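A.B. asks: Below is run-v3.txt; it holds compact mmCIF, C-alpha atoms.
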```txt
# COMPACT_ATOMS: atom_id res chain seq x y z
CA MET A 152 28.63 -5.31 -14.01
CA GLU A 153 28.61 -2.92 -16.97
CA ASN A 154 25.71 -4.78 -18.56
CA ASN A 155 23.70 -4.41 -15.36
CA LYS A 156 24.33 -0.68 -15.33
CA LYS A 157 23.24 -0.38 -18.94
CA SER A 158 20.10 -2.48 -18.44
CA SER A 159 19.05 -0.67 -15.27
CA PRO A 160 17.69 2.47 -17.02
CA LEU A 161 15.95 0.26 -19.58
CA LYS A 162 14.36 -1.79 -16.80
CA THR A 163 13.18 1.41 -15.11
CA ILE A 164 11.70 2.76 -18.34
CA LEU A 165 9.95 -0.56 -19.03
CA THR A 166 8.51 -0.61 -15.51
CA ILE A 167 7.15 2.93 -15.89
CA VAL A 168 5.73 2.17 -19.36
CA ILE A 169 4.02 -1.02 -18.11
CA SER A 170 2.56 0.75 -15.06
CA LEU A 171 1.27 3.59 -17.26
CA ALA A 172 -0.21 1.02 -19.65
CA PHE A 173 -2.07 -0.53 -16.69
CA ALA A 174 -3.30 2.92 -15.67
CA VAL A 175 -4.55 3.73 -19.19
CA LEU A 176 -6.19 0.32 -19.59
CA PHE A 177 -8.06 0.50 -16.29
CA MET A 178 -9.01 4.14 -16.80
CA TRP A 179 -10.51 3.17 -20.17
CA LEU A 180 -12.41 0.32 -18.48
CA ALA A 181 -13.60 2.77 -15.81
CA PHE A 182 -14.96 5.29 -18.34
CA ARG A 183 -16.35 2.76 -20.78
CA GLY A 184 -20.12 3.03 -21.09
CA LEU A 185 -20.48 6.04 -18.76
CA ASP A 186 -21.57 9.62 -19.43
CA PHE A 187 -18.87 11.92 -18.07
CA GLU A 188 -21.32 14.84 -17.89
CA ASN A 189 -23.29 13.06 -15.19
CA ILE A 190 -20.07 12.47 -13.27
CA LYS A 191 -19.18 16.18 -13.53
CA ILE A 192 -22.61 17.12 -12.14
CA SER A 193 -22.13 14.66 -9.28
CA LEU A 194 -18.69 16.11 -8.46
CA ALA A 195 -20.09 19.65 -8.53
CA LYS A 196 -22.70 18.72 -5.89
CA ALA A 197 -20.15 17.16 -3.52
CA ASN A 198 -19.59 18.50 0.01
CA TYR A 199 -15.80 18.69 0.25
CA LEU A 200 -15.76 19.36 4.00
CA TRP A 201 -16.19 15.60 4.41
CA VAL A 202 -13.09 15.12 2.25
CA LEU A 203 -11.07 17.36 4.58
CA ALA A 204 -12.26 15.26 7.53
CA ALA A 205 -11.20 12.11 5.66
CA MET A 206 -7.76 13.65 5.01
CA VAL A 207 -7.20 13.99 8.76
CA PHE A 208 -7.56 10.22 9.13
CA GLY A 209 -5.33 9.67 6.10
CA LEU A 210 -2.57 11.68 7.80
CA LEU A 211 -3.14 9.89 11.12
CA ALA A 212 -2.46 6.59 9.35
CA TYR A 213 0.98 7.94 8.35
CA TRP A 214 1.81 8.83 11.95
CA PHE A 215 0.57 5.51 13.39
CA ARG A 216 2.57 3.64 10.75
CA ALA A 217 5.71 5.62 11.59
CA ILE A 218 5.46 4.73 15.29
CA ARG A 219 4.71 1.07 14.49
CA TRP A 220 7.76 0.82 12.22
CA ASN A 221 9.90 2.03 15.09
CA LEU A 222 8.59 -0.88 17.19
CA LEU A 223 9.58 -3.35 14.45
CA LEU A 224 13.11 -1.94 14.20
CA GLU A 225 13.65 -1.97 17.96
CA PRO A 226 14.37 -5.75 18.25
CA LEU A 227 17.07 -5.31 15.59
CA GLY A 228 18.87 -2.90 17.92
CA TYR A 229 17.82 0.38 16.30
CA GLN A 230 15.88 3.17 17.99
CA ILE A 231 15.06 5.69 15.31
CA SER A 232 13.15 8.93 15.75
CA ASN A 233 9.44 8.89 14.92
CA SER A 234 10.07 11.97 12.78
CA ASN A 235 12.62 10.22 10.56
CA SER A 236 10.33 7.20 10.38
CA LEU A 237 7.44 9.42 9.22
CA TRP A 238 9.42 11.23 6.53
CA THR A 239 11.07 8.12 5.10
CA ILE A 240 7.61 6.51 4.83
CA SER A 241 6.35 9.66 3.09
CA PHE A 242 9.29 9.58 0.68
CA GLY A 243 8.57 5.92 -0.09
CA TYR A 244 4.94 6.67 -0.93
CA LEU A 245 6.07 9.49 -3.23
CA MET A 246 8.36 7.08 -5.10
CA ASN A 247 5.44 4.68 -5.55
CA LEU A 248 3.74 7.38 -7.62
CA THR A 249 6.54 7.12 -10.18
CA ILE A 250 7.47 3.42 -10.21
CA PRO A 251 5.02 0.97 -8.58
CA ARG A 252 6.48 -0.94 -5.61
CA SER A 253 9.70 1.08 -5.73
CA GLY A 254 8.73 2.94 -2.56
CA GLU A 255 9.62 0.07 -0.22
CA LEU A 256 13.27 0.02 -1.31
CA ALA A 257 13.39 3.83 -1.51
CA ARG A 258 12.08 4.00 2.06
CA SER A 259 14.78 1.61 3.33
CA THR A 260 17.49 3.50 1.44
CA ALA A 261 16.28 6.85 2.82
CA LEU A 262 16.26 5.43 6.35
CA TYR A 263 19.85 4.27 5.94
CA GLY A 264 20.81 7.80 4.95
CA VAL A 265 19.47 9.35 8.16
CA GLU A 266 19.64 6.52 10.73
CA LYS A 267 22.22 4.07 9.28
CA VAL A 268 19.86 1.11 9.58
CA PRO A 269 21.03 -1.55 7.06
CA VAL A 270 18.78 -1.62 4.02
CA ASP A 271 18.27 -5.39 4.06
CA LYS A 272 17.09 -5.42 7.68
CA SER A 273 14.68 -2.49 7.38
CA PHE A 274 13.42 -3.92 4.08
CA GLY A 275 12.59 -7.15 5.91
CA THR A 276 10.47 -5.22 8.42
CA ILE A 277 8.64 -3.51 5.53
CA ILE A 278 7.78 -6.90 4.02
CA LEU A 279 6.55 -7.91 7.47
CA GLU A 280 4.40 -4.77 7.52
CA ARG A 281 2.84 -5.81 4.23
CA VAL A 282 2.00 -9.25 5.64
CA ILE A 283 0.38 -7.66 8.70
CA ASP A 284 -1.54 -5.21 6.50
CA LEU A 285 -2.79 -8.15 4.44
CA VAL A 286 -4.06 -9.82 7.62
CA CYS A 287 -5.86 -6.59 8.61
CA MET A 288 -7.38 -6.29 5.14
CA LEU A 289 -8.57 -9.90 5.36
CA GLY A 290 -10.24 -8.93 8.63
CA PHE A 291 -12.23 -6.25 6.80
CA LEU A 292 -12.97 -8.77 4.05
CA ALA A 293 -14.35 -11.17 6.66
CA LEU A 294 -16.60 -8.41 8.06
CA THR A 295 -17.73 -7.60 4.52
CA LEU A 296 -18.56 -11.24 3.81
CA VAL A 297 -20.66 -11.36 6.98
CA PHE A 298 -22.55 -8.08 6.49
CA LYS A 299 -22.42 -7.44 2.72
CA TYR A 300 -22.21 -10.87 1.07
CA ASP A 301 -24.65 -9.88 -1.69
CA ALA A 302 -22.46 -6.92 -2.65
CA ILE A 303 -19.30 -9.08 -2.67
CA ALA A 304 -21.05 -11.65 -4.91
CA ALA A 305 -22.20 -8.89 -7.29
CA PHE A 306 -18.69 -7.38 -7.38
CA TYR A 307 -17.13 -10.76 -8.19
CA HIS A 308 -19.62 -11.30 -11.01
CA GLN A 309 -19.38 -7.79 -12.51
CA SER A 310 -15.56 -7.49 -12.29
CA GLY A 311 -15.00 -10.66 -14.30
CA LEU A 312 -12.52 -12.01 -11.73
CA LYS A 313 -11.83 -15.72 -12.08
CA ILE A 314 -9.62 -16.98 -9.26
CA ASN A 315 -8.57 -20.62 -9.56
CA PRO A 316 -7.77 -22.07 -6.09
CA VAL A 317 -5.32 -24.51 -7.72
CA TYR A 318 -3.17 -21.59 -8.93
CA VAL A 319 -3.20 -19.97 -5.50
CA VAL A 320 -2.14 -23.19 -3.77
CA SER A 321 0.57 -23.78 -6.41
CA VAL A 322 2.08 -20.32 -5.88
CA VAL A 323 2.14 -20.81 -2.10
CA LEU A 324 3.82 -24.24 -2.44
CA ILE A 325 6.45 -22.83 -4.83
CA LEU A 326 7.25 -20.02 -2.37
CA VAL A 327 7.57 -22.47 0.53
CA LEU A 328 9.80 -24.74 -1.57
CA GLY A 329 11.96 -21.78 -2.59
CA VAL A 330 12.49 -20.77 1.06
CA PHE A 331 13.40 -24.37 1.96
CA ILE A 332 15.93 -24.67 -0.88
CA PHE A 333 17.49 -21.30 0.03
CA PHE A 334 18.18 -22.25 3.65
CA LYS A 335 19.22 -25.80 2.71
CA PHE A 336 21.91 -24.86 0.19
CA LYS A 337 22.86 -21.23 0.98
CA ASP A 338 26.07 -22.18 2.85
CA LYS A 339 27.43 -24.01 -0.21
CA PHE A 340 27.32 -20.84 -2.36
CA ALA A 341 27.95 -18.15 0.29
CA HIS A 342 31.68 -17.96 -0.64
CA LEU A 343 30.92 -16.83 -4.21
CA PRO A 344 31.28 -13.00 -4.53
CA PHE A 345 27.98 -12.00 -6.16
CA ILE A 346 25.84 -14.88 -4.85
CA GLY A 347 27.28 -14.32 -1.38
CA LYS A 348 26.06 -10.71 -1.43
CA VAL A 349 22.60 -11.86 -2.56
CA ILE A 350 22.46 -14.47 0.21
CA GLU A 351 23.55 -11.88 2.77
CA PHE A 352 20.82 -9.48 1.60
CA VAL A 353 18.12 -12.19 1.69
CA GLU A 354 19.26 -13.26 5.17
CA GLY A 355 18.94 -9.65 6.31
CA ILE A 356 15.37 -9.57 4.99
CA PHE A 357 14.50 -12.77 6.87
CA HIS A 358 16.13 -11.30 9.97
CA GLY A 359 13.82 -8.31 9.64
CA LEU A 360 10.83 -10.61 9.20
CA THR A 361 11.54 -12.42 12.47
CA THR A 362 11.24 -9.22 14.52
CA ILE A 363 7.53 -9.96 14.96
CA PHE A 364 8.55 -12.71 17.42
CA LYS A 365 10.90 -10.39 19.36
CA LEU A 366 8.65 -7.37 19.88
CA LYS A 367 9.05 -5.76 23.28
CA GLN A 368 5.74 -3.90 23.15
CA LYS A 369 3.34 -6.39 21.57
CA THR A 370 0.15 -4.74 22.87
CA LYS A 371 1.21 -1.34 21.55
CA PHE A 372 2.03 -2.91 18.20
CA ILE A 373 -1.42 -4.51 17.93
CA VAL A 374 -3.14 -1.25 18.97
CA LEU A 375 -1.18 0.71 16.34
CA SER A 376 -1.96 -1.86 13.63
CA VAL A 377 -5.66 -1.57 14.42
CA ALA A 378 -5.38 2.24 14.56
CA ILE A 379 -3.80 2.33 11.07
CA TRP A 380 -6.66 0.39 9.53
CA VAL A 381 -9.35 2.21 11.48
CA SER A 382 -7.83 5.41 10.05
CA TYR A 383 -7.91 3.91 6.56
CA TYR A 384 -11.53 2.94 7.14
CA PHE A 385 -12.63 6.44 8.10
CA ALA A 386 -10.53 8.00 5.32
CA ALA A 387 -12.51 5.86 2.86
CA TYR A 388 -15.92 5.94 4.57
CA LEU A 389 -16.15 9.68 5.27
CA VAL A 390 -15.72 10.45 1.58
CA CYS A 391 -19.04 8.64 1.03
CA PHE A 392 -20.80 11.48 2.89
CA ALA A 393 -19.40 14.00 0.40
CA LEU A 394 -21.73 12.68 -2.33
CA PRO A 395 -25.54 12.83 -1.95
CA GLU A 396 -25.83 9.46 -3.73
CA THR A 397 -23.60 7.66 -1.19
CA ALA A 398 -24.38 9.68 1.95
CA HIS A 399 -26.78 6.94 3.11
CA PHE A 400 -24.06 4.25 3.12
CA THR A 401 -23.94 2.30 6.39
CA ILE A 402 -20.91 1.29 8.46
CA ALA A 403 -21.09 -2.15 6.82
CA ASP A 404 -21.05 -0.47 3.39
CA GLY A 405 -17.84 1.23 4.55
CA PHE A 406 -16.27 -2.21 5.10
CA PHE A 407 -17.09 -3.07 1.49
CA VAL A 408 -15.75 0.25 0.16
CA ILE A 409 -12.34 -0.09 1.86
CA VAL A 410 -11.91 -3.71 0.70
CA VAL A 411 -12.71 -2.83 -2.92
CA GLY A 412 -10.49 0.27 -2.78
CA THR A 413 -7.58 -1.73 -1.36
CA LEU A 414 -7.91 -4.31 -4.14
CA GLY A 415 -7.73 -1.48 -6.67
CA MET A 416 -4.59 -0.02 -5.09
CA MET A 417 -2.87 -3.42 -5.18
CA VAL A 418 -2.75 -3.40 -9.00
CA PRO A 419 0.76 -2.36 -10.24
CA ALA A 420 -0.37 0.92 -11.81
CA SER A 421 1.35 4.18 -10.82
CA GLY A 422 -0.38 5.35 -7.64
CA GLY A 423 -3.33 3.06 -8.34
CA ILE A 424 -4.46 5.40 -11.14
CA GLY A 425 -7.15 3.77 -13.25
CA ALA A 426 -7.20 0.53 -11.27
CA PHE A 427 -8.68 2.25 -8.20
CA HIS A 428 -11.23 4.04 -10.39
CA PHE A 429 -12.28 0.84 -12.12
CA ALA A 430 -12.52 -1.01 -8.80
CA MET A 431 -14.75 1.67 -7.28
CA LYS A 432 -16.89 1.85 -10.42
CA VAL A 433 -17.58 -1.89 -10.21
CA GLY A 434 -17.68 -1.90 -6.39
CA ILE A 435 -20.23 0.86 -5.83
CA GLY A 436 -22.14 -0.39 -8.88
CA ALA A 437 -22.37 -3.78 -7.16
CA LEU A 438 -23.37 -2.10 -3.90
CA PHE A 439 -26.22 -0.26 -5.64
CA PHE A 440 -27.25 -3.53 -7.31
CA SER A 441 -27.43 -5.23 -3.88
CA TYR A 442 -29.80 -2.43 -2.80
CA GLY A 443 -32.13 -3.19 -5.71
CA LYS A 444 -30.93 -0.30 -7.90
CA THR A 445 -29.26 -0.56 -11.30
CA PHE A 446 -25.58 -1.39 -11.61
CA GLU A 447 -25.11 1.40 -14.18
CA GLU A 448 -26.43 4.03 -11.77
CA GLY A 449 -24.01 2.90 -9.07
CA ALA A 450 -21.11 2.67 -11.54
CA ALA A 451 -21.36 6.39 -12.38
CA VAL A 452 -21.50 7.27 -8.68
CA GLY A 453 -18.57 4.93 -8.03
CA LEU A 454 -16.42 6.81 -10.53
CA SER A 455 -17.33 10.13 -8.87
CA TYR A 456 -16.33 8.66 -5.51
CA ALA A 457 -13.09 7.36 -7.02
CA PHE A 458 -12.11 10.78 -8.40
CA ILE A 459 -12.63 12.43 -5.01
CA SER A 460 -11.06 9.72 -2.86
CA HIS A 461 -8.10 9.02 -5.14
CA THR A 462 -7.32 12.71 -5.64
CA MET A 463 -7.36 13.14 -1.85
CA GLN A 464 -4.86 10.27 -1.51
CA LEU A 465 -2.63 11.73 -4.24
CA VAL A 466 -2.62 15.14 -2.55
CA ILE A 467 -1.58 13.60 0.77
CA MET A 468 1.16 11.50 -0.87
CA ALA A 469 2.48 14.38 -2.96
CA VAL A 470 2.47 17.00 -0.17
CA MET A 471 3.98 14.69 2.46
CA GLY A 472 6.43 13.29 -0.09
CA PHE A 473 7.75 16.64 -1.31
CA ILE A 474 8.07 17.92 2.28
CA SER A 475 10.08 14.79 3.12
CA ILE A 476 12.81 15.55 0.54
CA PRO A 477 14.34 18.67 2.20
CA VAL A 478 13.67 17.28 5.70
CA LEU A 479 15.52 14.03 4.95
CA ALA A 480 18.33 15.91 3.17
CA LYS A 481 18.84 18.04 6.32
CA GLU A 482 18.79 14.95 8.57
CA ARG A 483 21.23 13.14 6.28
CA ASN A 484 23.66 16.06 6.46
CA LYS A 485 23.37 16.06 10.25
CA ALA A 486 24.09 12.29 10.32
CA VAL A 487 27.18 12.74 8.10
CA SER A 488 28.43 15.62 10.27
CA SER A 489 28.04 13.61 13.47
CA ILE A 490 29.99 10.70 11.95
CA LYS A 491 32.84 13.04 10.94
CA LEU A 492 32.94 14.55 14.43
CA SER A 493 33.10 11.11 16.05
CA GLU A 494 36.06 10.24 13.84
```
Show this structure as structure tokens.
C.D. replies:
Amino acid sequence: MENNKKSSPLKTILTIVISLAFAVLFMWLAFRGLDFENIKISLAKANYLWVLAAMVFGLLAYWFRAIRWNLLLEPLGYQISNSNSLWTISFGYLMNLTIPRSGELARSTALYGVEKVPVDKSFGTIILERVIDLVCMLGFLALTLVFKYDAIAAFYHQSGLKINPVYVVSVVLILVLGVFIFFKFKDKFAHLPFIGKVIEFVEGIFHGLTTIFKLKQKTKFIVLSVAIWVSYYFAAYLVCFALPETAHFTIADGFFVIVVGTLGMMVPASGGIGAFHFAMKVGIGALFFSYGKTFEEGAAVGLSYAFISHTMQLVIMAVMGFISIPVLAKERNKAVSSIKLSE
């Protein structure tokens, strides 16, 4: 156990260093070959009222996600307040700005502090959320393939992505095999102290994942899931109207923009810094190319868009995250006080 404690800070430092390295690498790729002066001129001409409108939809997505999480926890026997759901989500997003992917566990831990929902079970519902979000994103990808296939093809070519279907299938098969082996042999090792705790935690996660089949308000859940991604769509699309060069973008162009932006945010760089910028540089460059313009012209505009949109997202995450800290601390103290009184 002592070795684990000693290696934990090292692991954290390594994770931060790697995520920063990703950010620096992608930021270099984003700036490579572009004149920053042109980008500064583009940013100076922007109409930031459209950014404020986009922020409203960004905040709405938080609220819709908070309510939807409550629906996922309900089949597990927990009815949490929408307020605590909102602030734990906000705290999780803030943690993602420091260590990529740490926000999910931080969110579950924070929820336990104010609502006493076991971490493993709430963590399972968060994984389920990610699966549902992936399905929604694939829906936007399908719309993009229908309406903006030329732009998708140009993006694939310019980004240098090479996805081998064999690797994808292999990963899926390994995951399926791992799940099978876990459930087949878990009872044989459950009595061992450390392994037993791991098995218990993994079972809690799977228990959280199965809540999708036990939802009491399925229609409301579907409506909220759609509302979250419609909010994301408008948060991304309205920023286009802030720049004269992208103000003519159509609704279908908006589908393309949100797909490319989501791909950028999936890269394990702190807060998507660099990766989002590079993705939008290539994405809007490809979009311009599909319109018969030069890729280079669109790439510069894409970086201007990325600076505005990403900064807006960072402001929302930082403000909501820092507000969540005192709010959750107050709620945690109330929860501790109520437990003492009941004793």
A.B. asks: Between A:Val478, A:Phe429, A:Phe406, A:Leu176, which residue has the minimum interatomic distance to Ala293 in chain A, considering all atoms listed in the file?
C.D. replies: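 Closest to Ala293 in chain A, using all atoms listed in the file: A:Phe406.
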A.B. asks: What lies within 12 Å of Phe446 in chain A using all atoms listed in the file, ignoring chain neighbours under 4 positions off, as a list in words?
C.D. replies: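 Those residues are Gly184, Leu185, Ala302, Ala305, Phe306, His308, Gln309, Ser310, Lys432, Val433, Gly434, Ile435, Gly436, Ala437, Leu438, Phe439, Phe440, Ser441, Tyr442, Ala450, Ala451, Val452 and Gly453 of chain A.
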A.B. asks: Write a file of the selected residues as a PDB file, keeping the file's coordinate frame, keeping C-alpha atoms.
C.D. replies:
```pdb
ATOM      1  CA  GLY A 184     -20.120   3.030 -21.090  1.00  0.00           C
ATOM      2  CA  LEU A 185     -20.480   6.040 -18.760  1.00  0.00           C
ATOM      3  CA  ALA A 302     -22.460  -6.920  -2.650  1.00  0.00           C
ATOM      4  CA  ALA A 305     -22.200  -8.890  -7.290  1.00  0.00           C
ATOM      5  CA  PHE A 306     -18.690  -7.380  -7.380  1.00  0.00           C
ATOM      6  CA  HIS A 308     -19.620 -11.300 -11.010  1.00  0.00           C
ATOM      7  CA  GLN A 309     -19.380  -7.790 -12.510  1.00  0.00           C
ATOM      8  CA  SER A 310     -15.560  -7.490 -12.290  1.00  0.00           C
ATOM      9  CA  LYS A 432     -16.890   1.850 -10.420  1.00  0.00           C
ATOM     10  CA  VAL A 433     -17.580  -1.890 -10.210  1.00  0.00           C
ATOM     11  CA  GLY A 434     -17.680  -1.900  -6.390  1.00  0.00           C
ATOM     12  CA  ILE A 435     -20.230   0.860  -5.830  1.00  0.00           C
ATOM     13  CA  GLY A 436     -22.140  -0.390  -8.880  1.00  0.00           C
ATOM     14  CA  ALA A 437     -22.370  -3.780  -7.160  1.00  0.00           C
ATOM     15  CA  LEU A 438     -23.370  -2.100  -3.900  1.00  0.00           C
ATOM     16  CA  PHE A 439     -26.220  -0.260  -5.640  1.00  0.00           C
ATOM     17  CA  PHE A 440     -27.250  -3.530  -7.310  1.00  0.00           C
ATOM     18  CA  SER A 441     -27.430  -5.230  -3.880  1.00  0.00           C
ATOM     19  CA  TYR A 442     -29.800  -2.430  -2.800  1.00  0.00           C
ATOM     20  CA  ALA A 450     -21.110   2.670 -11.540  1.00  0.00           C
ATOM     21  CA  ALA A 451     -21.360   6.390 -12.380  1.00  0.00           C
ATOM     22  CA  VAL A 452     -21.500   7.270  -8.680  1.00  0.00           C
ATOM     23  CA  GLY A 453     -18.570   4.930  -8.030  1.00  0.00           C
TER      24      GLY A 453
END
```
A.B. asks: Nearest to Tyr388 in chain A among A:Leu245, A:Ile402, A:Leu289, A:Met206, with distances taken over all atoms listed in the file: which residue is it?
C.D. replies: A:Ile402
A.B. asks: Rounded to one decimal, what separation in Å do you get between CA of Phe392 in chain A and CA of Phe407 in chain A?
C.D. replies: 15.1 Å
A.B. asks: Quick one: pull the distance between CA of Gly254 in chain A and CA of Ala212 in chain A, Å, one decimal.
C.D. replies: 16.7 Å
A.B. asks: What is the CA of Lys365 in chain A-CA of Ala257 in chain A distance in Å, reported with one decimal?
C.D. replies: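 Spanning CA of Lys365 in chain A to CA of Ala257 in chain A is a straight-line distance of 25.4 Å.
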A.B. asks: Please, which residues are within 12 Å of (11.4, -6.0, 10.1) by the file's coordinates, counting only C-alpha atoms, and could they come as a PyMOL selection string?
C.D. replies: chain A and resi 219-229+259+268-283+354-366
A.B. asks: Of the residues A:Ile218, A:Phe182, A:Ala197, A:Ser232, which is the one nearest to Ala426 in chain A, using all atoms listed in the file?
C.D. replies: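 Distance minimum relative to Ala426 in chain A lands on A:Phe182.
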A.B. asks: Write out as a CSV table (one decimal) with C-alpha atoms, in the frame of the given file the residues lying within 9 Å of Gly415 in chain A, counting all atoms listed in the file and excluding same-chain residues fewer than 6 positions away.
C.D. replies:
```csv
chain,number,residue,atom,x,y,z
A,423,GLY,CA,-3.3,3.1,-8.3
A,424,ILE,CA,-4.5,5.4,-11.1
A,425,GLY,CA,-7.2,3.8,-13.2
A,426,ALA,CA,-7.2,0.5,-11.3
A,427,PHE,CA,-8.7,2.2,-8.2
A,428,HIS,CA,-11.2,4.0,-10.4
A,429,PHE,CA,-12.3,0.8,-12.1
A,430,ALA,CA,-12.5,-1.0,-8.8
A,431,MET,CA,-14.8,1.7,-7.3
```
A.B. asks: Given the choices A:Ser236, A:Leu256, A:Ala205, A:Glu396, which gets closest to Ile192 in chain A if the distance is worked out from only C-alpha atoms?
C.D. replies: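 The shortest atom-to-atom distance to Ile192 in chain A comes from A:Glu396.
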A.B. asks: Give me the residues within 8 Å of Ile240 in chain A as a CSV table (one decimal) with C-alpha atoms, keeping the file's coordinate frame, counting only C-alpha atoms and dropping any in the same chain fewer than 2 places off.
C.D. replies:
```csv
chain,number,residue,atom,x,y,z
A,213,TYR,CA,1.0,7.9,8.4
A,217,ALA,CA,5.7,5.6,11.6
A,236,SER,CA,10.3,7.2,10.4
A,237,LEU,CA,7.4,9.4,9.2
A,238,TRP,CA,9.4,11.2,6.5
A,242,PHE,CA,9.3,9.6,0.7
A,243,GLY,CA,8.6,5.9,-0.1
A,244,TYR,CA,4.9,6.7,-0.9
A,258,ARG,CA,12.1,4.0,2.1
```
A.B. asks: Compare A:Cys287, A:Val411, A:Leu180, A:Val470 by their minimum atom-to-atom distance to Ile373 in chain A, counting all atoms listed in the file, and give me the closest one.
C.D. replies: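 Using all atoms listed in the file, the shortest distance to Ile373 in chain A belongs to A:Cys287.
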